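Asks: Next comes model.txt, compact mmCIF, C-alpha atoms:
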# COMPACT_ATOMS: atom_id res chain seq x y z
CA MET N 1 60.95 54.49 191.42
CA ALA N 2 62.93 56.16 188.74
CA ASP N 3 66.19 57.83 189.65
CA GLU N 4 66.15 61.61 189.56
CA ILE N 5 68.60 63.18 187.06
CA LYS N 6 70.24 66.26 188.38
CA THR N 7 71.30 68.87 185.79
CA GLU N 8 74.16 71.12 186.80
CA GLU N 9 74.50 74.59 185.26
CA PRO N 10 77.89 75.19 183.57
CA ALA N 11 80.22 77.38 185.48
CA THR N 12 80.82 80.91 184.10
CA PRO N 13 84.31 81.05 182.57
CA ALA N 14 86.74 83.56 184.01
CA ALA N 15 87.46 86.71 182.03
CA THR N 16 90.48 86.37 179.80
CA PRO N 17 92.86 89.30 180.13
CA SER N 18 93.26 91.28 176.86
CA PRO N 19 96.78 91.35 175.43
CA ALA N 20 98.75 94.54 175.88
CA PRO N 21 98.97 96.69 172.73
CA ALA N 22 102.19 96.30 170.84
CA ALA N 23 104.50 99.26 170.72
CA ALA N 24 103.96 101.34 167.59
CA ALA N 25 106.78 101.09 165.07
CA PRO N 26 108.46 104.33 164.06
CA PRO N 27 106.92 105.72 160.82
CA VAL N 28 109.00 105.63 157.67
CA GLU N 29 109.55 109.05 156.15
CA ALA N 30 108.06 109.06 152.67
CA ALA N 31 109.98 110.56 149.82
CA ALA N 32 108.74 113.98 148.79
CA PRO N 33 107.30 114.04 145.29
CA ALA N 34 110.22 115.59 143.48
CA ALA N 35 108.40 116.01 140.18
CA ALA N 36 105.94 118.47 141.71
CA GLU N 37 108.78 120.79 142.72
CA SER N 38 110.11 121.87 139.38
CA ALA N 39 113.24 123.93 139.23
CA ALA N 40 113.11 127.70 138.96
CA ALA N 41 111.92 128.94 135.60
CA PRO N 42 114.82 129.84 133.33
CA GLU N 43 115.51 133.42 132.35
CA THR N 44 113.58 134.69 129.32
CA ILE N 45 114.98 136.32 126.19
CA ALA N 46 115.08 140.10 126.51
CA PRO N 47 113.20 142.28 123.97
CA THR N 48 115.23 143.70 121.08
CA LEU N 49 116.03 147.37 120.64
CA LEU N 50 113.33 147.74 117.98
CA GLU N 51 110.77 146.09 120.27
CA GLN N 52 111.75 148.45 123.09
CA PHE N 53 111.21 151.43 120.79
CA ASP N 54 107.75 150.17 119.80
CA ALA N 55 106.80 149.62 123.46
CA GLU N 56 107.90 153.14 124.42
CA ALA N 57 105.95 154.59 121.48
CA LYS N 58 102.80 152.77 122.62
CA GLU N 59 103.27 154.03 126.18
CA LYS N 60 103.56 157.62 124.96
CA GLU N 61 100.46 157.18 122.80
CA ALA N 62 98.51 155.71 125.71
CA ALA N 63 99.61 158.53 128.03
CA SER N 64 98.34 161.18 125.61
CA ALA N 65 94.97 159.44 125.08
CA PRO N 66 91.93 160.59 127.14
CA PRO N 67 91.24 158.53 130.27
CA VAL N 68 88.75 155.70 129.89
CA GLU N 69 85.96 155.42 132.44
CA ALA N 70 86.42 152.38 134.61
CA LYS N 71 83.76 149.71 134.40
CA LYS N 72 81.66 148.87 137.42
CA PRO N 73 82.70 145.64 139.08
CA GLY N 74 80.33 142.78 138.51
CA GLU N 75 78.81 140.51 141.03
CA GLU N 76 81.11 138.32 142.98
CA ALA N 77 81.26 134.72 141.90
CA PRO N 78 79.47 132.34 144.26
CA LYS N 79 81.75 130.65 146.69
CA GLU N 80 82.27 126.98 146.10
CA GLU N 81 81.27 124.69 148.87
CA ALA N 82 84.03 122.72 150.47
CA PRO N 83 83.86 119.05 149.56
CA LYS N 84 82.46 116.87 152.31
CA GLU N 85 85.00 114.66 153.89
CA GLY N 86 84.25 110.98 154.01
CA ALA N 87 84.99 108.60 156.82
CA PRO N 88 88.73 108.58 157.62
CA GLU N 89 90.55 105.46 156.60
CA ALA N 90 92.05 103.34 159.31
CA PRO N 91 95.77 104.11 159.64
CA VAL N 92 98.11 101.39 158.54
CA ASP N 93 101.28 101.03 160.52
CA PRO N 94 104.32 100.95 158.21
CA LYS N 95 106.71 98.08 158.49
CA PRO N 96 109.68 98.85 160.68
CA LEU N 97 112.91 99.25 158.72
CA GLU N 98 116.40 98.69 159.90
CA PRO N 99 118.55 101.77 159.43
CA ILE N 100 120.95 101.59 156.52
CA ALA N 101 123.90 103.86 155.78
CA TYR N 102 123.58 104.27 152.01
CA GLU N 103 126.83 104.65 150.13
CA PHE N 104 126.63 106.70 146.93
CA THR N 105 128.98 109.25 145.40
CA PRO N 106 128.05 111.74 142.65
CA GLY N 107 129.95 111.52 139.39
CA GLU N 108 132.89 113.67 138.43
CA GLY N 109 131.93 117.30 137.96
CA PHE N 110 128.73 116.98 140.02
CA THR N 111 127.96 118.01 143.57
CA LEU N 112 125.28 116.77 145.97
CA SER N 113 123.81 119.19 148.50
CA ASP N 114 122.54 118.09 151.90
CA GLU N 115 118.98 118.77 150.71
CA ARG N 116 119.32 116.51 147.68
CA ARG N 117 121.03 113.81 149.74
CA GLY N 118 118.13 113.85 152.21
CA GLU N 119 115.60 113.54 149.38
CA ALA N 120 117.49 110.58 147.96
CA ILE N 121 117.67 108.77 151.30
CA ALA N 122 113.94 109.33 151.88
CA ALA N 123 113.17 107.93 148.42
CA PHE N 124 115.36 104.89 149.04
CA ASP N 125 113.66 104.22 152.39
CA ALA N 126 110.21 104.50 150.82
CA PHE N 127 111.23 102.03 148.14
CA ARG N 128 112.47 99.55 150.74
CA ALA N 129 109.20 99.83 152.68
CA ASP N 130 106.97 99.37 149.62
CA PRO N 131 108.75 98.74 146.29
CA VAL N 132 105.50 98.98 144.33
CA LYS N 133 104.67 102.49 145.50
CA GLY N 134 108.20 103.58 146.32
CA ALA N 135 109.35 103.17 142.72
CA GLN N 136 107.41 106.31 141.80
CA GLY N 137 109.45 108.34 144.28
CA LEU N 138 112.67 107.27 142.55
CA MET N 139 111.23 108.22 139.18
CA ASP N 140 110.15 111.64 140.50
CA LEU N 141 113.59 112.23 141.97
CA HIS N 142 115.26 111.43 138.65
CA GLN N 143 112.85 113.63 136.70
CA LYS N 144 113.49 116.54 139.04
CA ALA N 145 117.25 116.24 138.59
CA VAL N 146 116.95 116.13 134.78
CA THR N 147 114.57 119.11 134.73
CA GLU N 148 116.90 121.19 136.87
CA ALA N 149 119.85 120.34 134.62
CA VAL N 150 117.95 121.29 131.45
CA ASN N 151 116.70 124.57 132.95
CA THR N 152 120.20 125.47 134.13
CA VAL N 153 121.69 124.95 130.68
CA ARG N 154 118.90 126.93 129.01
CA ALA N 155 119.22 129.78 131.51
CA ASP N 156 122.95 130.01 130.78
CA GLN N 157 122.30 130.10 127.03
CA VAL N 158 119.65 132.81 127.38
CA ALA N 159 121.94 134.88 129.61
CA VAL N 160 124.73 134.74 127.02
CA PHE N 161 122.29 135.65 124.22
CA ASN N 162 120.90 138.62 126.17
CA GLU N 163 124.41 139.83 126.97
CA THR N 164 125.29 139.67 123.27
CA MET N 165 122.24 141.79 122.38
CA ARG N 166 123.15 144.34 125.06
CA GLY N 167 126.54 144.69 123.40
CA TRP N 168 124.86 145.27 120.01
CA GLU N 169 122.57 147.88 121.54
CA ASN N 170 125.53 149.76 123.01
CA GLU N 171 127.06 149.81 119.53
CA VAL N 172 123.84 151.24 118.08
CA ARG N 173 123.56 153.97 120.71
CA SER N 174 127.16 155.03 120.14
CA ASP N 175 126.94 154.81 116.34
CA PRO N 176 127.49 158.22 114.68
CA GLU N 177 124.58 157.63 112.28
CA LEU N 178 122.08 155.77 114.49
CA GLY N 179 122.91 156.83 118.04
CA GLY N 180 123.64 159.95 120.01
CA SER N 181 121.08 162.74 120.08
CA GLY N 182 119.45 161.45 116.88
CA PHE N 183 118.72 157.99 118.26
CA GLU N 184 114.93 158.40 118.44
CA THR N 185 114.77 159.97 114.97
CA ALA N 186 116.85 157.15 113.51
CA MET N 187 114.72 154.47 115.20
CA ARG N 188 111.58 156.15 113.92
CA ALA N 189 112.91 155.90 110.36
CA VAL N 190 113.78 152.24 111.01
CA ALA N 191 110.25 151.51 112.25
CA GLU N 192 108.68 153.28 109.25
CA ALA N 193 110.79 151.26 106.82
CA ARG N 194 109.82 148.05 108.58
CA ASP N 195 106.12 148.89 108.51
CA ALA N 196 106.28 149.81 104.80
CA PHE N 197 108.10 146.70 103.58
CA VAL N 198 107.30 143.93 106.06
CA THR N 199 104.30 142.90 103.93
CA THR N 200 102.49 143.78 100.70
CA ALA N 201 99.35 141.78 101.53
CA ARG N 202 96.03 143.60 101.41
CA ASP N 203 94.23 141.02 103.51
CA PRO N 204 94.52 142.20 107.15
CA LYS N 205 94.85 138.64 108.45
CA ILE N 206 97.70 137.81 106.08
CA ALA N 207 99.38 141.14 106.80
CA ALA N 208 99.17 140.46 110.54
CA MET N 209 100.66 137.01 110.01
CA HIS N 210 103.59 138.50 108.04
CA ARG N 211 104.18 141.04 110.82
CA GLU N 212 104.12 138.32 113.46
CA GLN N 213 106.62 136.23 111.48
CA PHE N 214 108.94 139.22 111.16
CA GLU N 215 108.74 139.99 114.89
CA HIS N 216 109.56 136.34 115.63
CA PHE N 217 112.58 136.58 113.34
CA LEU N 218 113.79 139.68 115.18
CA ARG N 219 113.36 138.01 118.57
CA VAL N 220 115.00 134.62 117.96
CA THR N 221 117.94 136.05 116.03
CA GLY N 222 118.40 139.32 117.91
CA ALA N 223 118.38 141.18 114.57
CA GLY N 224 116.17 143.87 116.09
CA SER N 225 119.21 144.99 118.10
CA HIS N 226 121.98 144.35 115.57
CA PRO N 227 123.60 147.56 114.27
CA ALA N 228 124.04 146.24 110.70
CA PHE N 229 120.38 145.27 110.32
CA LEU N 230 119.08 148.50 111.88
CA ARG N 231 121.46 150.53 109.67
CA MET N 232 120.05 148.82 106.58
CA LEU N 233 116.46 149.65 107.58
CA HIS N 234 117.55 153.20 108.41
CA ASN N 235 119.00 153.60 104.92
CA VAL N 236 115.77 152.29 103.41
CA GLY N 237 113.82 154.77 105.52
CA GLY N 238 116.02 157.59 104.27
CA ARG N 239 115.28 156.68 100.66
CA MET N 240 111.57 156.77 101.49
CA ILE N 241 111.73 160.28 102.95
CA GLU N 242 113.68 162.05 100.16
CA PRO N 243 111.18 161.44 97.32
CA LYS N 244 108.35 162.49 99.60
CA GLU N 245 109.99 165.86 100.30
CA TYR N 246 110.39 166.49 96.59
CA ILE N 247 106.81 165.50 95.75
CA ASP N 248 105.43 167.81 98.44
CA GLY N 249 107.10 170.76 96.76
CA GLY N 250 110.47 170.73 98.44
CA VAL N 251 113.77 170.98 96.67
CA PRO N 252 116.11 167.97 96.71
CA LYS N 253 119.11 168.36 98.96
CA SER N 254 122.22 169.58 97.16
CA VAL N 255 125.04 167.08 96.92
CA GLY N 256 127.56 169.78 95.97
CA ARG N 257 127.64 169.00 92.23
CA LYS N 258 125.34 168.57 89.26
CA PRO N 259 124.74 165.10 87.89
CA SER N 260 126.58 164.33 84.67
CA GLY N 261 124.75 163.60 81.44
CA LYS N 262 122.69 165.51 78.95
CA GLY N 263 119.93 167.55 80.52
CA GLY N 264 121.18 167.03 84.04
CA GLY N 265 122.16 170.63 84.54
CA ASP N 266 118.88 171.94 83.19
CA PHE N 267 116.94 169.66 85.54
CA TYR N 268 118.62 171.03 88.65
CA GLU N 269 118.38 174.61 87.39
CA HIS N 270 114.60 174.22 86.98
CA PRO N 271 113.37 171.78 89.69
CA ARG N 272 109.69 172.50 88.89
CA GLY N 273 109.98 170.60 85.62
CA GLY N 274 110.34 171.67 82.06
CA THR N 275 113.25 173.38 80.33
CA GLU N 276 113.69 176.78 78.85
CA ASP N 277 113.57 177.10 75.12
How does the structure come out when it is put into structure tokens?
Replies:
Amino acid sequence: MADEIKTEEPATPAATPSPAPAAAAPPVEAAAPAAAESAAAPETIAPTLLEQFDAEAKEKEAASAPPVEAKKPGEEAPKEEAPKEGAPEAPVDPKPLEPIAYEFTPGEGFTLSDERRGEAIAAFDAFRADPVKGAQGLMDLHQKAVTEAVNTVRADQVAVFNETMRGWENEVRSDPELGGSGFETAMRAVAEARDAFVTTARDPKIAAMHREQFEHFLRVTGAGSHPAFLRMLHNVGGRMIEPKEYIDGGVPKSVGRKPSGKGGGDFYEHPRGGTED
């Protein structure tokens, strides 16, 4: 009789205890993108005295014009739908870093605020944690410093230029020929001379280009506020007015004497033209 073969079922293995989760490492503070925070915009060049006069003249003209009926508001633009968020990426624990006391000293003539020092330390830590990605933080920090330096220098230059023009304008307003109670009349003659001689082009586009070039010249040089330049235009404007008064039937202003030369006396004795026989 054949022997019976007994088959034993394998015993169920005991549950293996799961390992305890490791303590989370402290996150490394990433360096703030310095390039995105540009320095404050530098001060702009102030308008010249001639530009101020033109602006005031336009304001007066607009104030005297009849009111324009306001247009009805159009339909509101459709609101854009918020983009759908995808599945969140699994967080990656940063590598723990040993604290380091960085030693760096700004160069002679430079200062380092606590805010800038903190940004530098954060950028250095980010570079230590991931040199590939952290290098961008160092570049941003450098670019921010250079941009701030350039803007500071430009703002100082613009401030000095504007202060120089303010001094010229004070000279114009106190000038016995251009300033005082006749300031607006003098500036009107200056503006008329400019408009008459700034261009001789008949093509409106070319004339507008010439006017724009002249305005740019006034702005970048400050000539629109310089007393010598405004006095020259004022003298040109005065020469334009005198012939006009005579042509319209007026009598030329007396200069206290008759011009020398043959026929000069007869001309001023008979301003309507012609001489007596």
Asks: When you draw a straight line from atom CA of Thr105 of chain N to atom CA of Ala149 of chain N, how long is it in Å?
Replies: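 Between atom CA of Thr105 of chain N and atom CA of Ala149 of chain N the gap is 18.0 Å.
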Asks: Name the closest residue to Ala145 of chain N among the candidates N:Gln157, N:Thr200, N:Thr164, N:Thr111; distances are taken between atoms, counting all atoms listed in the file.
Replies: N:Thr111
Asks: Counting all atoms listed in the file, which residue out of N:Ile206, N:Met240, N:Val190, N:Ala201 sits closest to Leu50 of chain N?
Replies: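 Among the listed residues, the smallest separation from Leu50 of chain N belongs to N:Val190.
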Asks: Quote the spacing between atom CA of Glu119 of chain N and atom CA of Arg154 of chain N in Å to one decimal place.
Replies: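 Taking atom CA of Glu119 of chain N as the start and atom CA of Arg154 of chain N as the end point, the length is 24.6 Å.
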Asks: Could you check the closest approach to Val160 of chain N for each of N:Leu233, N:Ala207, N:Ala196, N:Ile45 and tell me which residue wins, using all atoms listed in the file?
Replies: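 Among N:Leu233, N:Ala207, N:Ala196, N:Ile45, it is N:Ile45 that comes nearest to Val160 of chain N.
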Asks: N:Met209, N:Leu230, N:Leu141, N:Ala129: which is nearest Glu98 of chain N, counting only C-alpha atoms?
Replies: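 Of the candidates, the smallest distance to Glu98 of chain N is held by N:Ala129.
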Asks: Which of these, N:Asp195, N:Arg173, N:Ala223, N:Ala123, has the shortest distance to His210 of chain N once you count all atoms listed in the file?
Replies: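 For His210 of chain N, the nearest of the candidates is N:Asp195.
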Asks: Distance atom CA of Asn235 of chain N-atom CA of Val172 of chain N, one decimal place?
Replies: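 Separation of atom CA of Asn235 of chain N and atom CA of Val172 of chain N: 14.2 Å.
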